[in-house]
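Read the structure below first, then the notes.
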Amino acid sequence: MKRFLILLTVLWTTFAFSQMENPVKWKTNVEKVNDSTYNLVLKATIEKGWHMYSQHTAEGGSLPIEITSEQADKDFKFNGKAEESPSEKKFNETFGVEETFFSNAAMLKQSITLLNRDVKQITVDLYGQACIDACIQLEEKFTFDLAQATTTIEPMPTEVVKETPKEVSTTEDKEESKGLWSIFFLSFLGGLAALLTPCVFPMIPMTVSYFLKQSKSKAKGLSNALFYGASIVVIYVLIGSLVTAIFGSDAMNEFSTSVFFNLIFFAILLVFAFSFLGAFEIILPSSWGTKVDAGIDKKGGYVGIFLMALALAIVSFSCTLPIVGTALVASTNTGGIAPIISMLGFSIALALPFTLFAAFPGWLNSMPKSGGWLNTVKVFLGFLELAFAFKFLSNADLVKDLHWFERETFVAIWIAVFGALALYMFGKIKLPHDDEGSRISVGRLLVGLLALAFTVYLIPGMWGAPLKLISGFPPPLQYAESPYGVGYSKVAAPMIDGKAQVLPEGAHYGPHDIISFDDYAIGLAYAKEVGKPLLVDFTGKACVNCRKMEDYVWSDPKVMEVMKNDIVVVSLYVDYKKELPESEQYVSKETGKKIRTVGNKWSEMQSVQYKTNTQPYYVLLNPSNEEKLTTPYTYDSDIEKFYTWLTKGIEK
């Protein structure tokens with residue numbers, strides 16, 4: 001049992017460590033001292049409890065900050081080490097050295113001298129370490145635009161920052177927490193689905209019976225089963241940790257809106273779907289299983305049980321990989337530690353029956369026998385994988401605004417997929433692993449009827465029906481061949497208070513014919529002109545929750561009336577890949593990143609001004625001074641809550 005507790009401790013440490021990421025936020029600018037000398041200024045905001053180590057910390061302890069550049073000694077030279085704001089010192093008993101570090105905030109000024117007067121930008125890499133109960137490596141790349149250098153030299157702080165920086169509103173944290181709980185729950189359901197596949201289900205009674213027979217007492221059998229379940233959790237959480245460590249949160253957020261990776265995910269899900277449908281099987285080399293089995297026989301004890309859990313992961317690979325892969329792909333839309341949370345939910349569901357049946361072995365007699373129904377479950381999951389694959393193809397088309405894969409096409413494919421699923425459940429379609437039986441079970445009949453009903457529900461979507469049940473999955477209503485329904489078009493401007501509504505310059509008709517702008521400056525100018533509050537809608541072309549808000553909340557009559565009459569809406573798409581004109585591209589003073597696309601521009605605006613990157617994110621502004629009229633609103637499809645938020649802001 002002691003080893004079991006140690007294993008849980010290792011699991012918790014792994015999970016907790018994976019949550020500790022990006023505790024240091026940076027802002028940059030550049031100061032011009034003279035025609036050849038510049039200061040590269042880096043300001044760090046450090047999360048409460050964390051320490052970032054100085055360039056001058058003692059050797060043998062935590063890693064010091066190091067600033068390097070591939071341009072050094074070619075385009076410029078470093079004038080010694082960077083000047084630092086005041087730091088703190090403390091003896092580290094673990095390393096036996098006195099360490100120098102920053103808490104709360106830090107400022108570094110790296111003086112450089114140009115060797116090439118024609119150089120326009122300087123790119124540097126910063127390496128270091130930040131620690132709390134565990135440590136993470138800091139790796140940042142900053143680009144400084146010398147043309148935007150200021151001639152004002154900011155003095156270096158003279159005292160250590162004692163106060164913790166003002167914390168950002170917890171709205172984003174709450175939204176992230178909701179997203180992670182959703183990921184956990186959906187992955188837990190995926191784990192339950194994996195239990196009902198032909199590769200896993202027969203293993204439950206075999207494994208539990210093995211524990212009970214090999215153990216000298218019921219308590220020992222339960223202890224072994226608990227350790228086995230914990231081992232399954234460890235193995236899959238390590239997979240999630242590995243994915244997070246390799247890609248990192250920023251890369252995974254980029255994946256969710258990248259055309260290339262959405263197409264890759266589309267292809268991956270197609271492979272998984274065809275595997276479940278019986279076209280082929282994805283299997284690991286048989287030698288892996290043989291080596292693990294040999295290890296079980298040789299090691300025994302808790303090591304042997306852990307290897308048994310590893311053997312389950314390998315043996316069930318062909319059935320669990322499509323579900324695990326789909327869960328990991330889906331979690332990239334949330335980013336951060338979502339892959340870890342996803343694998344935690346999946347593995348807990350997978351491990352649960354082994355523990356429960358070990359605790360209550362009499363339940364084994366009530367388990368259904370293995371049979372053809374397991375293959376039916378596998379095929380059902382294959383159809384779902386096939387349907388969800390096209391969401392990623394749709395994302396790629398949306399963010400590029402190509403209109404190659406519009407709403408009608410998406411809905412037609414889903415009608416075909418779920419129609420075929422209904423026919424399969426009714427026994428009208430046979431796939432490679434099916435038997436020739438002519439009867440179907442009551443459960444299979446009910447699932448077939450649900451699939452048929454859903455297919456019928458989808459059909460009006462071909463003619464412009466809103467299909468709120470799947471809101472957010474297909475492209476929005478306006479992204480269609482016939483935005484107003486087949487055979488209909490806009491023949492006149494919408495009527496407001498008995499008058500035809502005329503589109504202002506730079507505006508377009510958004511969801512539900514709400515006049516919208518897609519440029520902040522133009523929308524702000526119009527809001528000033530008409531004297532109405534400005535609703536800034538940070539949204540995304542591929543944002544599911546954004547579409548749900550538009551379909552469920554904006555469509556409510558009283559909400560729509562307010563949005564059409566009392567405010568000016570500007571929708572800023574943070575994932576829009578359209579290139580900015582060369583003259584409008586620039587290097588961010590805050591992040592040092594090159595702003596190349598329309599989406600980059602609005603994403604940076606949101607992160608810099610509002611310290612968040614969640615979508616949807618609604619900000620109601622006074623157009624005369626651009627001050628917030630109320631606390632920003634994130635995803636919540638409660639119509640009354642959104643309506644109250646709007647009206648209170650307008651009253652203020």
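Residues in the structure tokens are numbered from 1 in each chain, the chains being A, B, ... in the order shown, and ligands are numbered from 1 in the order shown.
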Checklist entry - Leaving out Thr355 (chain A) and any residue of its chain fewer than 2 positions from it, which residues lie within 8 Å of it when counting only C-alpha atoms, given as a list in words? => result Leu222, Ala225, Leu226, Gly229, Ala351, Leu352, Pro353, Phe357, Ala358 and Ala359 of chain A
Item to check | Near-region 82-90 of chain A list (6 Å; only C-alpha atoms; drop same-chain fewer than 6 positions) as a ChimeraX atom specification | outcome: /A:98-102,106-110,157,159-160
Please produce a file of the residues just selected, as a PDB file, in the first residue's frame, where the atoms kept are C-alpha atoms.
ATOM      1  CA  GLU A  98      23.421  31.992  -1.997  1.00  0.00           C
ATOM      2  CA  GLU A  99      21.048  32.687  -4.891  1.00  0.00           C
ATOM      3  CA  THR A 100      20.109  36.025  -6.438  1.00  0.00           C
ATOM      4  CA  PHE A 101      16.572  36.315  -7.738  1.00  0.00           C
ATOM      5  CA  PHE A 102      13.611  38.555  -8.562  1.00  0.00           C
ATOM      6  CA  ALA A 106      12.119  42.681 -12.796  1.00  0.00           C
ATOM      7  CA  MET A 107      13.603  45.057 -15.335  1.00  0.00           C
ATOM      8  CA  LEU A 108      16.627  44.402 -17.566  1.00  0.00           C
ATOM      9  CA  LYS A 109      18.376  46.827 -19.900  1.00  0.00           C
ATOM     10  CA  GLN A 110      20.766  45.323 -22.410  1.00  0.00           C
ATOM     11  CA  PRO A 157      14.150  51.108 -10.300  1.00  0.00           C
ATOM     12  CA  GLU A 159      14.315  49.337  -4.782  1.00  0.00           C
ATOM     13  CA  VAL A 160      13.136  45.751  -4.825  1.00  0.00           C
TER      14      VAL A 160
END
Checklist entry - If you run DSSP on this backbone, which residues of region 46-172 of chain A come out as helix (DSSP H, G or I), and could you give them as a PyMOL selection string? => result chain A and resi 146-148+171-172
Keeping only C-alpha atoms, write the selected residues to a file as a PDB file, in the first residue's frame.
ATOM      1  CA  LEU A 146      14.880  50.173 -33.902  1.00  0.00           C
ATOM      2  CA  ALA A 147      12.691  52.546 -35.920  1.00  0.00           C
ATOM      3  CA  GLN A 148      10.283  52.656 -32.969  1.00  0.00           C
ATOM      4  CA  THR A 171     -12.903  36.147 -15.350  1.00  0.00           C
ATOM      5  CA  GLU A 172     -10.414  34.449 -17.655  1.00  0.00           C
TER       6      GLU A 172
END
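Counting only C-alpha atoms, the residue from A:Met343, A:Leu534, A:Ile650, A:Met560 that sits nearest to Phe185 (chain A) is A:Met343.
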Checklist entry - With only C-alpha atoms as the basis for distance, which of A:Ile65, A:Ser231, A:Ile415, A:Gln615 is at the shortest distance from Ala453 (chain A)? => result A:Ile415
Checklist entry - Just how far from CA of Phe184 (chain A) is CA of Asn262 (chain A), in Å to one decimal? => result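 So the two atoms, CA of Asn262 (chain A) and CA of Phe184 (chain A), lie 21.9 Å apart.
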Item to check | Given only C-alpha atoms as the counted atoms, nearest of A:Gly427, A:Gly506, A:Pro476, A:Pro557 to Arg444 (chain A) | outcome: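 Of A:Gly427, A:Gly506, A:Pro476, A:Pro557, the one nearest Arg444 (chain A), counting only C-alpha atoms, is A:Gly427.
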Item to check | Close residues, Trp602 (chain A) itself excluded, 8 Å, only C-alpha atoms, min 2 positions apart in chain, as a VMD selection string | outcome: chain A and resid 538 572 to 574 598 to 600 604 to 606
Next on the checklist: Which residues are near region 461-472 of chain A? Cut-off 12 Å, only C-alpha atoms, ignore same chain within fewer than 5 positions. Put them as an NGL selection string.
Outcome noted: :A and (387-388 or 391 or 394-395 or 406-415 or 454-456 or 477-489 or 511-512 or 540-553 or 555 or 637)
Checklist outcome for this item: Here CA of Ala525 (chain A) and CA of Val568 (chain A) stand apart by 10.2 Å
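Reported to one decimal place, the separation of CA of Gly80 (chain A) from CA of Gly61 (chain A) is 22.4 Å.
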Next on the checklist: Which residues are close to Gly592 (chain A), i.e. within 9 Å by only C-alpha atoms, leaving aside same-chain residues fewer than 5 positions away? Reply as a list in words.
Outcome noted: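 The residues that qualify are Lys27, Thr28, Asn29, Thr123, Lys141, Phe142, Thr143, Phe144, Asp145 and Val587 of chain A.
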Prev. selection, C-alpha atoms, output as a compact mmCIF listing (two decimals), in the first residue's frame:
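Output file part-v8.txt is given in full below:
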# COMPACT_ATOMS: atom_id res chain seq x y z
CA LYS A 27 6.88 43.63 -22.03
CA THR A 28 9.60 45.15 -24.22
CA ASN A 29 10.68 48.44 -25.73
CA THR A 123 16.27 39.70 -32.28
CA LYS A 141 12.49 35.29 -28.27
CA PHE A 142 12.10 39.08 -28.59
CA THR A 143 12.33 41.28 -31.70
CA PHE A 144 13.07 44.99 -31.25
CA ASP A 145 12.20 47.49 -34.00
CA VAL A 587 6.64 44.48 -34.45
